[in-house]
>>> print(open('entry.txt').read())   # compact mmCIF, C-alpha atoms and all ligand atoms
# COMPACT_ATOMS: atom_id res chain seq x y z
CA MET A 3 32.04 27.97 -5.72
CA LYS A 4 29.99 30.90 -4.44
CA LYS A 5 27.65 30.27 -7.34
CA TYR A 6 26.75 26.83 -6.07
CA PHE A 7 26.53 27.89 -2.45
CA SER A 8 22.73 28.25 -2.33
CA ILE A 9 22.25 24.73 -3.74
CA ILE A 10 24.82 23.25 -1.39
CA GLN A 11 23.20 25.04 1.53
CA SER A 12 19.75 23.63 0.58
CA LEU A 13 21.31 20.23 0.13
CA CYS A 14 22.89 20.41 3.59
CA ARG A 15 19.57 21.52 5.06
CA SER A 16 17.70 18.60 3.50
CA ILE A 17 20.34 16.16 4.81
CA ILE A 18 20.17 17.64 8.31
CA ASN A 19 16.37 17.41 8.20
CA CYS A 20 16.60 13.82 6.90
CA ASP A 21 14.48 14.82 3.88
CA LYS A 22 15.66 12.27 1.33
CA GLU A 23 13.33 13.46 -1.44
CA LEU A 24 14.57 17.03 -1.18
CA ALA A 25 18.20 15.87 -0.95
CA PHE A 26 17.79 13.92 -4.22
CA TYR A 27 16.26 16.98 -5.82
CA GLN A 28 19.09 19.29 -4.68
CA VAL A 29 21.77 16.87 -5.94
CA GLU A 30 20.04 16.87 -9.32
CA ARG A 31 19.95 20.68 -9.27
CA LEU A 32 23.66 20.77 -8.51
CA ALA A 33 24.42 18.35 -11.35
CA ASN A 34 22.41 20.52 -13.77
CA ALA A 35 24.17 23.70 -12.63
CA LEU A 36 27.58 22.06 -13.09
CA LYS A 37 26.63 20.87 -16.56
CA LYS A 38 25.49 24.34 -17.55
CA ASP A 39 28.89 25.72 -16.55
CA GLY A 40 30.76 23.15 -18.63
CA PHE A 41 31.63 20.68 -15.85
CA GLU A 42 30.15 17.80 -17.83
CA LYS A 43 32.24 15.05 -16.18
CA GLU A 44 31.47 16.17 -12.62
CA SER A 45 27.78 16.53 -13.49
CA GLN A 46 27.64 13.02 -14.98
CA SER A 47 29.36 11.61 -11.95
CA LEU A 48 26.83 13.20 -9.58
CA LEU A 49 23.92 11.95 -11.70
CA ALA A 50 25.39 8.44 -11.74
CA THR A 51 25.60 8.49 -7.92
CA LEU A 52 21.99 9.62 -7.81
CA ARG A 53 20.75 6.91 -10.18
CA ASN A 54 22.62 4.28 -8.28
CA ALA A 55 21.06 5.44 -5.03
CA GLU A 56 17.58 5.50 -6.63
CA LYS A 57 18.04 1.99 -7.98
CA HIS A 58 18.86 0.65 -4.55
CA GLN A 59 16.26 2.71 -2.79
CA SER A 60 13.87 0.00 -1.71
CA ILE A 61 10.20 0.83 -1.82
CA GLU A 62 9.18 0.30 1.74
CA PRO A 63 5.76 0.89 3.16
CA GLN A 64 5.76 4.29 4.76
CA GLN A 65 3.43 5.37 7.44
CA LEU A 66 3.41 9.09 7.92
CA SER A 67 4.74 11.39 5.25
CA VAL A 68 1.97 11.03 2.65
CA SER A 69 -0.72 10.98 5.29
CA SER A 70 0.48 14.32 6.65
CA ILE A 71 0.33 15.92 3.19
CA VAL A 72 -2.89 14.52 1.73
CA SER A 73 -5.87 16.64 2.64
CA GLY A 74 -8.92 15.25 4.44
CA GLU A 75 -9.94 13.93 7.82
CA GLU A 76 -8.27 10.98 9.49
CA LEU A 77 -10.11 7.67 9.34
CA TYR A 78 -10.55 5.73 12.58
CA PRO A 79 -11.88 2.23 13.22
CA ASN A 80 -15.02 3.77 14.69
CA THR A 81 -15.67 6.17 11.80
CA PRO A 82 -19.30 5.55 10.70
CA ILE A 83 -19.54 3.73 7.36
CA PRO A 84 -22.31 4.66 4.87
CA VAL A 85 -24.90 1.97 4.24
CA ASP A 86 -27.35 1.08 1.48
CA LYS A 87 -30.61 2.76 2.44
CA GLU A 88 -32.73 -0.18 1.27
CA THR A 89 -30.83 -3.06 2.81
CA ALA A 90 -28.76 -1.32 5.52
CA ALA A 91 -25.72 -3.21 4.26
CA PRO A 92 -22.41 -1.28 4.38
CA ILE A 93 -21.42 -0.10 0.91
CA LEU A 94 -17.72 -0.04 1.63
CA GLU A 95 -15.04 -1.46 3.85
CA VAL A 96 -12.07 0.33 5.38
CA ILE A 97 -8.77 -1.52 5.73
CA PHE A 98 -6.09 0.22 7.80
CA PRO A 99 -2.39 -0.07 6.83
CA GLN A 100 -1.56 -2.09 9.96
CA GLN A 101 -4.23 -4.64 8.94
CA LEU A 102 -2.65 -5.10 5.51
CA ASP A 103 -0.71 -8.30 5.70
CA VAL A 104 0.78 -8.10 2.20
CA GLN A 105 4.30 -8.40 0.91
CA GLU A 106 5.63 -7.00 -2.34
CA PRO A 107 4.05 -9.07 -5.15
CA LEU A 108 6.31 -10.95 -7.53
CA PHE A 109 6.28 -9.77 -11.12
CA GLU A 110 8.74 -9.58 -13.98
CA ASP A 111 11.15 -6.67 -13.80
CA SER A 112 9.38 -4.53 -16.40
CA ILE A 113 6.07 -4.66 -14.49
CA ARG A 114 7.80 -4.26 -11.16
CA ASN A 115 9.61 -1.15 -12.38
CA ALA A 116 6.40 0.31 -13.79
CA ILE A 117 4.57 -0.26 -10.52
CA ASN A 118 7.44 1.05 -8.46
CA SER A 119 7.46 4.23 -10.50
CA VAL A 120 3.78 4.79 -9.62
CA ILE A 121 4.45 4.06 -5.96
CA LEU A 122 7.42 6.43 -5.99
CA GLU A 123 5.26 9.12 -7.53
CA TRP A 124 2.65 8.65 -4.82
CA THR A 125 5.16 8.50 -1.99
CA HIS A 126 6.86 11.66 -3.38
CA TYR A 127 3.49 13.36 -3.60
CA GLY A 128 4.56 16.25 -1.37
CA LEU A 129 7.71 17.00 -3.33
CA LEU A 130 5.87 16.88 -6.65
CA LEU A 131 3.27 19.32 -5.37
CA GLN A 132 6.00 21.56 -3.97
CA MET A 133 7.64 21.64 -7.40
CA LYS A 134 4.27 22.35 -9.03
CA ALA A 135 4.33 19.02 -10.88
CA LYS A 136 0.91 17.41 -11.06
CA PRO A 137 1.25 13.90 -9.62
CA SER A 138 -0.81 11.10 -11.13
CA ARG A 139 -3.54 10.10 -8.74
CA SER A 140 -5.43 7.29 -10.42
CA CYS A 141 -4.38 3.91 -11.69
CA LEU A 142 -6.34 1.24 -13.52
CA ILE A 143 -5.06 -2.32 -13.09
CA PHE A 144 -6.33 -4.98 -15.47
CA GLY A 145 -5.45 -8.56 -16.34
CA LYS A 146 -6.54 -12.18 -16.05
CA PRO A 147 -8.04 -13.58 -12.81
CA GLY A 148 -5.63 -14.54 -10.05
CA THR A 149 -2.66 -12.59 -11.42
CA GLY A 150 -2.28 -10.58 -8.21
CA LYS A 151 -4.17 -7.37 -9.06
CA THR A 152 -5.93 -6.97 -5.71
CA HIS A 153 -2.75 -7.99 -3.94
CA MET A 154 -0.82 -5.33 -5.83
CA ALA A 155 -3.39 -2.61 -5.09
CA LYS A 156 -3.13 -3.44 -1.39
CA TRP A 157 0.66 -3.32 -1.60
CA MET A 158 0.51 0.12 -3.24
CA ALA A 159 -1.80 1.40 -0.49
CA LYS A 160 0.50 -0.07 2.14
CA CYS A 161 3.51 1.68 0.59
CA VAL A 162 1.65 4.98 0.66
CA GLY A 163 0.65 4.32 4.27
CA LEU A 164 -3.01 5.30 3.86
CA PRO A 165 -6.13 3.26 4.71
CA ILE A 166 -7.96 1.60 1.82
CA VAL A 167 -11.60 2.38 1.26
CA THR A 168 -12.81 -0.55 -0.79
CA ALA A 169 -16.18 -1.13 -2.37
CA LYS A 170 -17.34 -4.42 -3.81
CA LEU A 171 -19.04 -2.70 -6.67
CA ASP A 172 -21.12 -5.66 -7.74
CA GLY A 173 -22.76 -5.42 -4.30
CA ILE A 174 -23.58 -1.77 -4.82
CA VAL A 175 -25.12 -2.39 -8.24
CA SER A 176 -27.13 -5.41 -7.20
CA SER A 177 -29.15 -3.28 -4.81
CA PHE A 178 -32.58 -1.97 -5.75
CA LEU A 179 -32.91 -0.01 -8.98
CA GLY A 180 -32.24 3.67 -8.58
CA THR A 181 -30.26 3.29 -5.38
CA SER A 182 -27.06 2.28 -7.15
CA SER A 183 -26.19 5.81 -8.31
CA ARG A 184 -26.86 7.13 -4.84
CA ASN A 185 -24.60 4.43 -3.36
CA ILE A 186 -21.80 5.36 -5.74
CA SER A 187 -22.11 9.05 -4.85
CA ASN A 188 -22.06 8.16 -1.16
CA LEU A 189 -19.00 5.97 -1.65
CA PHE A 190 -17.07 8.77 -3.38
CA SER A 191 -18.23 11.40 -0.87
CA PHE A 192 -16.89 9.22 1.93
CA ALA A 193 -13.57 8.63 0.13
CA ASN A 194 -13.21 12.34 -0.70
CA ARG A 195 -13.83 13.34 2.88
CA TYR A 196 -11.09 11.15 4.40
CA LYS A 197 -7.38 10.52 3.79
CA CYS A 198 -7.43 7.20 1.96
CA VAL A 199 -6.80 5.24 -1.21
CA LEU A 200 -10.10 4.46 -2.91
CA LEU A 201 -10.08 0.93 -4.29
CA LEU A 202 -12.69 0.07 -6.91
CA ASP A 203 -12.26 -3.69 -7.17
CA GLU A 204 -14.15 -5.68 -9.83
CA PHE A 205 -14.75 -2.37 -11.43
CA ASP A 206 -16.34 -3.77 -14.59
CA ALA A 207 -19.48 -4.56 -12.60
CA ILE A 208 -20.61 -0.98 -13.04
CA ALA A 209 -18.34 0.43 -15.65
CA LYS A 210 -19.87 -1.57 -18.50
CA LEU A 211 -20.17 -0.01 -21.91
CA ARG A 212 -22.94 2.51 -21.85
CA ASP A 213 -24.33 1.31 -25.16
CA ASP A 214 -24.75 -2.29 -24.04
CA PRO A 215 -28.21 -3.04 -25.49
CA GLN A 216 -29.13 -5.29 -22.58
CA GLU A 217 -28.54 -2.72 -19.90
CA VAL A 218 -30.42 0.46 -20.61
CA GLY A 219 -31.39 3.54 -18.56
CA GLU A 220 -30.14 2.42 -15.18
CA VAL A 221 -26.62 1.54 -16.36
CA LYS A 222 -26.36 4.83 -18.25
CA ARG A 223 -27.27 6.67 -15.08
CA ILE A 224 -24.77 4.67 -13.05
CA VAL A 225 -21.93 5.17 -15.51
CA ASN A 226 -22.63 8.89 -15.75
CA THR A 227 -22.58 9.18 -11.96
CA LEU A 228 -19.33 7.25 -11.93
CA LEU A 229 -17.76 9.53 -14.54
CA GLN A 230 -18.74 12.62 -12.58
CA CYS A 231 -17.46 11.11 -9.35
CA LEU A 232 -14.13 10.13 -10.96
CA ASP A 233 -13.72 13.64 -12.37
CA GLU A 234 -14.35 15.20 -9.01
CA ARG A 235 -12.01 12.80 -7.26
CA SER A 236 -9.15 13.32 -9.75
CA SER A 237 -8.02 16.43 -7.88
CA ILE A 238 -8.64 15.03 -4.40
CA GLY A 239 -7.14 11.62 -3.67
CA PHE A 240 -5.60 8.39 -4.89
CA THR A 241 -7.87 5.96 -6.74
CA ILE A 242 -7.16 2.42 -7.96
CA GLY A 243 -9.58 0.64 -10.30
CA ILE A 244 -9.28 -3.11 -10.92
CA THR A 245 -10.92 -5.22 -13.60
CA ASN A 246 -10.65 -8.64 -15.26
CA HIS A 247 -12.84 -7.53 -18.15
CA GLU A 248 -11.16 -4.46 -19.51
CA GLN A 249 -13.03 -4.91 -22.80
CA LEU A 250 -16.28 -4.16 -20.92
CA LEU A 251 -15.06 -0.81 -19.70
CA ASP A 252 -16.51 2.29 -21.22
CA PRO A 253 -13.77 4.22 -23.09
CA ALA A 254 -14.75 7.32 -21.13
CA ILE A 255 -13.88 5.44 -17.92
CA TRP A 256 -10.47 4.42 -19.29
CA ARG A 257 -9.62 8.04 -19.99
CA ARG A 258 -10.32 9.00 -16.37
CA PHE A 259 -7.31 6.98 -15.17
CA ASP A 260 -3.89 8.65 -15.38
CA ILE A 261 -2.12 5.28 -15.45
CA GLN A 262 -3.25 1.93 -16.85
CA ILE A 263 -1.24 -1.18 -16.01
CA GLU A 264 -1.85 -4.62 -17.45
CA ILE A 265 -0.76 -7.48 -15.21
CA PRO A 266 0.25 -10.42 -17.40
CA THR A 267 0.09 -14.07 -16.46
CA PRO A 268 3.49 -14.87 -14.95
CA SER A 269 6.38 -15.97 -17.17
CA ASN A 270 8.15 -19.24 -16.44
CA GLU A 271 10.82 -17.38 -14.48
CA VAL A 272 8.23 -15.61 -12.31
CA ARG A 273 6.31 -18.88 -11.83
CA MET A 274 9.51 -20.37 -10.41
CA LYS A 275 9.89 -17.45 -8.00
CA LEU A 276 6.23 -17.70 -6.97
CA LEU A 277 6.52 -21.45 -6.43
CA GLU A 278 9.57 -21.11 -4.21
CA HIS A 279 7.99 -18.20 -2.37
CA PHE A 280 4.67 -19.93 -1.62
CA LEU A 281 6.34 -23.27 -0.79
CA LYS A 282 8.30 -21.81 2.10
CA PRO A 283 9.32 -23.26 4.55
CA ILE A 284 9.44 -26.32 2.27
CA THR A 285 12.30 -26.29 -0.23
CA ILE A 286 12.64 -28.44 -3.34
CA THR A 287 15.48 -28.90 -5.81
CA ASP A 288 15.93 -26.66 -8.86
CA ALA A 289 15.11 -29.58 -11.16
CA ASN A 290 11.79 -30.15 -9.42
CA VAL A 291 10.99 -26.42 -9.48
CA LYS A 292 11.68 -26.36 -13.23
CA PHE A 293 9.51 -29.38 -13.87
CA ILE A 294 6.56 -28.19 -11.78
CA CYS A 295 6.64 -24.77 -13.44
CA TRP A 296 6.71 -26.39 -16.84
CA CYS A 297 3.61 -28.36 -15.83
CA MET A 298 1.95 -25.12 -14.69
CA GLN A 299 2.26 -23.33 -18.05
CA GLY A 300 -0.17 -20.43 -18.29
CA ALA A 301 -0.96 -20.62 -14.56
CA SER A 302 -1.66 -17.49 -12.54
CA GLY A 303 -0.07 -16.61 -9.22
CA ALA A 304 -3.27 -17.78 -7.51
CA ASP A 305 -2.98 -21.20 -9.27
CA ILE A 306 0.61 -21.54 -8.07
CA GLU A 307 -0.49 -20.64 -4.55
CA ASN A 308 -3.24 -23.27 -4.76
CA LEU A 309 -0.73 -25.90 -5.91
CA THR A 310 1.74 -25.08 -3.14
CA ASN A 311 -1.00 -25.35 -0.50
CA TRP A 312 -1.86 -28.76 -1.87
CA ILE A 313 1.81 -29.86 -1.90
CA LYS A 314 2.17 -28.75 1.72
CA ARG A 315 -0.95 -30.66 2.74
CA MET A 316 0.26 -33.77 0.91
CA LYS A 317 3.74 -33.53 2.44
CA ILE A 318 2.23 -33.36 5.90
CA ILE A 319 -0.23 -36.22 5.58
CA SER A 320 1.58 -38.42 3.06
CA LYS A 321 3.20 -41.53 4.45
CA ASN A 322 5.09 -42.08 1.21
CA GLU A 323 7.72 -39.37 1.70
CA GLU A 324 9.76 -40.50 -1.26
CA GLU A 325 7.04 -39.88 -3.82
CA SER A 326 8.55 -38.51 -7.03
CA VAL A 327 7.54 -35.04 -8.15
CA ILE A 328 6.15 -36.46 -11.38
CA ASN A 329 3.77 -38.73 -9.47
CA MET A 330 2.76 -35.84 -7.30
CA MET A 331 1.98 -33.75 -10.38
CA ARG A 332 0.04 -36.68 -11.86
CA ARG A 333 -2.20 -36.67 -8.80
CA TYR A 334 -2.53 -32.89 -8.82
CA SER A 335 -3.48 -32.98 -12.50
CA LEU A 336 -6.29 -35.45 -11.79
CA LEU A 337 -7.61 -33.34 -8.94
CA ASN A 338 -7.24 -30.01 -10.75
CA ASN A 339 -8.25 -30.73 -14.29
CA GLY A 340 -8.91 -27.12 -15.21
CA ARG A 341 -5.59 -25.84 -13.93
CA ILE A 342 -3.31 -27.97 -16.13
CA ASN A 343 -3.07 -27.53 -19.87
CA GLU A 344 -3.96 -30.35 -22.28
CA GLU A 345 -0.43 -30.98 -23.56
CA VAL A 346 0.92 -31.37 -20.03
CA LYS A 347 -2.01 -33.58 -19.03
CA ARG A 348 -1.28 -35.91 -21.96
CA LEU A 349 2.39 -36.06 -21.07
CA LEU A 350 1.66 -36.87 -17.44
CA GLU A 351 -0.49 -39.82 -18.54
CA LEU A 352 2.50 -41.44 -20.30
CA PRO A 353 4.79 -44.00 -18.64
CA ASN A 354 8.03 -42.62 -17.18
CA ASP A 355 10.37 -43.58 -20.04
CA GLU A 356 8.18 -41.82 -22.59
CA VAL A 357 7.81 -38.81 -20.35
CA CYS A 358 11.55 -38.60 -20.17
CA ILE A 359 12.00 -38.57 -23.97
CA LYS A 360 9.23 -35.98 -24.35
CA LEU A 361 10.75 -33.79 -21.68
CA MET A 362 14.10 -33.86 -23.42
CA GLU A 363 12.40 -32.91 -26.68
CA ALA A 364 10.33 -30.17 -25.03
CA GLY A 365 13.30 -27.82 -24.89
CA ILE A 366 12.82 -26.80 -21.27
CA SER A 367 16.50 -26.83 -20.46
CA MET A 368 16.24 -29.90 -18.25
CA ARG A 369 19.32 -32.07 -18.37
CA GLN A 370 19.15 -35.84 -18.07
CA LYS A 371 20.31 -35.50 -14.47
CA ASP A 372 17.39 -33.14 -13.72
CA ILE A 373 14.88 -35.50 -15.32
CA ALA A 374 16.24 -38.40 -13.27
CA GLU A 375 15.61 -36.31 -10.17
CA VAL A 376 12.01 -35.60 -11.20
CA LEU A 377 11.41 -39.31 -11.80
CA CYS A 378 13.18 -40.16 -8.54
CA ILE A 379 15.63 -42.59 -10.21
CA THR A 380 19.41 -42.54 -10.67
CA PRO A 381 20.88 -40.97 -13.85
CA SER A 382 22.33 -44.35 -14.87
CA SER A 383 18.99 -46.18 -14.68
CA LEU A 384 17.46 -43.30 -16.63
CA SER A 385 20.11 -43.76 -19.35
CA LYS A 386 19.26 -47.46 -19.48
CA GLN A 387 15.54 -46.71 -19.78
CA ILE A 388 16.16 -44.25 -22.59
CA SER A 389 18.34 -46.62 -24.62
CA LYS A 390 15.83 -49.43 -24.11
CA PHE A 391 13.01 -47.15 -25.23
CA LYS A 392 14.95 -46.00 -28.30
CA LYS A 393 15.60 -49.60 -29.37
CA VAL A 394 11.88 -50.45 -29.29
N1 LIG A 401 2.37 -11.93 -8.66
C1 LIG A 401 1.99 -12.34 -7.46
N2 LIG A 401 2.78 -12.16 -6.39
C2 LIG A 401 2.41 -12.59 -5.16
N3 LIG A 401 1.24 -13.19 -4.91
C3 LIG A 401 0.41 -13.39 -5.94
C4 LIG A 401 0.74 -12.98 -7.27
N4 LIG A 401 -0.29 -13.30 -8.10
C5 LIG A 401 -1.21 -13.89 -7.32
N5 LIG A 401 -0.81 -13.95 -6.04
C6 LIG A 401 -1.57 -14.54 -4.92
O1 LIG A 401 -2.70 -15.15 -5.47
C7 LIG A 401 -3.87 -14.85 -4.72
C8 LIG A 401 -4.90 -14.15 -5.59
O2 LIG A 401 -4.40 -12.87 -5.93
P1 LIG A 401 -5.35 -11.63 -6.17
O3 LIG A 401 -6.60 -11.78 -5.40
O4 LIG A 401 -4.55 -10.39 -5.98
O5 LIG A 401 -5.65 -11.85 -7.73
P2 LIG A 401 -6.57 -10.97 -8.66
O6 LIG A 401 -5.78 -10.68 -9.89
O7 LIG A 401 -7.13 -9.81 -7.91
O8 LIG A 401 -7.72 -12.03 -9.01
P3 LIG A 401 -9.24 -11.75 -9.42
O9 LIG A 401 -9.18 -11.11 -10.76
O10 LIG A 401 -9.83 -13.11 -9.45
O11 LIG A 401 -9.84 -10.86 -8.38
C9 LIG A 401 -3.42 -14.00 -3.54
O12 LIG A 401 -3.27 -14.82 -2.41
C10 LIG A 401 -2.10 -13.45 -3.98
O13 LIG A 401 -1.27 -13.25 -2.90
MG MG A 402 -9.03 -9.31 -7.31
>>> encode(input="entry.txt", output="structure tokens", more="lines below")
Ligand SMILES: Nc1ncnc2c1ncn2[C@@H]1O[C@H](COP(=O)(O)OP(=O)(O)OP(=O)(O)O)[C@@H](O)[C@H]1O
Ligand SMILES: [Mg+2]
Amino acid sequence: MKKYFSIIQSLCRSIINCDKELAFYQVERLANALKKDGFEKESQSLLATLRNAEKHQSIEPQQLSVSSIVSGEELYPNTPIPVDKETAAPILEVIFPQQLDVQEPLFEDSIRNAINSVILEWTHYGLLLQMKAKPSRSCLIFGKPGTGKTHMAKWMAKCVGLPIVTAKLDGIVSSFLGTSSRNISNLFSFANRYKCVLLLDEFDAIAKLRDDPQEVGEVKRIVNTLLQCLDERSSIGFTIGITNHEQLLDPAIWRRFDIQIEIPTPSNEVRMKLLEHFLKPITITDANVKFICWCMQGASGADIENLTNWIKRMKIISKNEEESVINMMRRYSLLNNGRINEEVKRLLELPNDEVCIKLMEAGISMRQKDIAEVLCITPSSLSKQISKFKKV
């Protein structure tokens, strides 16, 4: 018992000081010490308790702890912002945590877990430093448009509780020749001086392949400045890069990021969650959710948000409250040609009885009862329609 006293004492201290990170660490230490002395069962039991607690530990935005550890000056709303010397336009924008009106984005579990592990690393920054573990500080997010990359970056910054310094990099590059490199240096100097998360959104605008034959000297200079700035920043603060065109990124830029996360287009299951989330306070039946999400195959989160805004507008102004979901999707398809895939468009053009047969063949786990709901008819009249159609 005496052997474990120092660990137990540290554990008690961390509990008294409400230091959850340290408490977790001390419990793990105790479990390891027990294992070493042959108390395998007790050690396993402690570790299981720990894992269970970690699993249920929600990742909530935190305001102070990281900010008090990260070095640099505090940012204030009146902190002067650097400007482009030619045009006097600000080269960056600061968003403070209290201005960030973002909720946790919806992703499949694997992506969510990956992102949460980065957030946990960043929010446990102090503990990692204390234990001489080098925390990752930079993260590259890539994926198709509208999949929630910017939203996620903002959520990460909100969890860490630091202001975001964000640069619209295409703006910086489109300035006069020669000033772009200086703007990039100024952007990084600003970010390195203050406690913040540096967000490089639409990163591909400047991080194009250096050997692109169309963009000579100037791009090379810009990319080299960027590489130097990223190297310097790697030991200073958190950086998030975002791009839709990861294939345009210079391999040397890729290497500068400790973590690289691809955000996929949402699966059917995630589309259903997004639809229900964005539709609030409106609720629709499970059958209608299933059908709409089937129609929105390949859609991004932003597409789903667009659809839900449209549904809300239609629900408010429509006099025909009993409109079936299929008719609603027919109208949406006509108004949003590019957002609906060809197969779905063709199906929506068919008369109801044919749609019904096709839906049953499509293998989307919709029962006859569900399809009747989508068509806004009773299951018995649907049965009649099907048998009539089959006879023809
Ligand atoms: N997975 C998601 N969870 C919650 N909201 C999402 C998700 N995906 C997209 N959205 C919503 O869609 C809109 C667009 O998202 P966002 O701007 O983050 O996309 P993006 O990937 O950065 O797009 P782009 O590449 O065009 O810049 C936002 O309103 C966002 O809230
Ligand atoms: Mg974006």
>>> residues_near_ligand(input="entry.txt", ligand="ligand MG 402 (chain A)", cutoff="10 Å", atoms="all atoms listed in the file", output="list of chain:residue names")
A:Ile143, A:Phe144, A:Gly145, A:Lys146, A:Pro147, A:Gly148, A:Thr149, A:Gly150, A:Lys151, A:Thr152, A:His153, A:Met154, A:Ala155, A:Asp203, A:Glu204, A:Phe205, A:Ile244, A:Thr245, A:Asn246
>>> closest_residue(input="entry.txt", among="A:Phe190, A:Tyr196, A:Phe98, A:Trp124", to="A:Leu232", atoms="all atoms listed in the file")
A:Phe190
>>> residues_around(input="entry.txt", residues="A:Gln101", least_positions_apart="2", cutoff="12 Å", atoms="all atoms listed in the file", output="list of chain:residue names")
A:Pro79, A:Val96, A:Ile97, A:Phe98, A:Pro99, A:Asp103, A:Val104, A:Lys156, A:Trp157, A:Ala159, A:Lys160, A:Gly163, A:Leu164, A:Pro165, A:Ile166
>>> write_last_selection(input="entry.txt", atoms="C-alpha atoms", output="short mmCIF file (atom, residue, chain, number, x, y, z; two decimals), in the coordinates of the input")
data_model
loop_
_atom_site.label_atom_id
_atom_site.label_comp_id
_atom_site.auth_asym_id
_atom_site.auth_seq_id
_atom_site.Cartn_x
_atom_site.Cartn_y
_atom_site.Cartn_z
CA PRO A 79 -11.88 2.23 13.22
CA VAL A 96 -12.07 0.33 5.38
CA ILE A 97 -8.77 -1.52 5.73
CA PHE A 98 -6.09 0.22 7.80
CA PRO A 99 -2.39 -0.07 6.83
CA ASP A 103 -0.71 -8.30 5.70
CA VAL A 104 0.78 -8.10 2.20
CA LYS A 156 -3.13 -3.44 -1.39
CA TRP A 157 0.66 -3.32 -1.60
CA ALA A 159 -1.80 1.40 -0.49
CA LYS A 160 0.50 -0.07 2.14
CA GLY A 163 0.65 4.32 4.27
CA LEU A 164 -3.01 5.30 3.86
CA PRO A 165 -6.13 3.26 4.71
CA ILE A 166 -7.96 1.60 1.82
#
>>> atom_distance(input="entry.txt", atom1="atom CA of A:Ile186", atom2="atom CA of A:Leu228")
6.9 Å
>>> residues_around(input="entry.txt", residues="stretch 376-393 of chain A", least_positions_apart="4", cutoff="6 Å", atoms="only C-alpha atoms", output="ChimeraX atom specification")
/A:290,326-328,371
>>> atom_distance(input="entry.txt", atom1="atom CA of A:Val162", atom2="atom CA of A:Val120")
10.5 Å
>>> atom_distance(input="entry.txt", atom1="atom CA of A:Ile263", atom2="atom CA of A:Leu122")
15.3 Å
>>> residues_around(input="entry.txt", residues="A:Tyr127", least_positions_apart="3", cutoff="9 Å", atoms="all atoms listed in the file", output="list in words")
Val68, Ile71, Val72, Leu122, Glu123, Trp124, Leu130, Leu131, Gln132, Lys136, Pro137 and Ser138 of chain A
>>> axis_aligned_box(input="entry.txt", around="stretch 267-281 of chain A", padding_each_side="6 Å", output="lines of an AutoDock Vina configuration file")
center_x = 5.5
center_y = -18.7
center_z = -9.0
size_x = 22.7
size_y = 21.2
size_z = 28.4
>>> closest_residue(input="entry.txt", among="A:Thr285, A:Asn188, A:Asn226, A:Asn311", to="ligand LIG 401 (chain A)", atoms="all atoms listed in the file")
A:Asn311
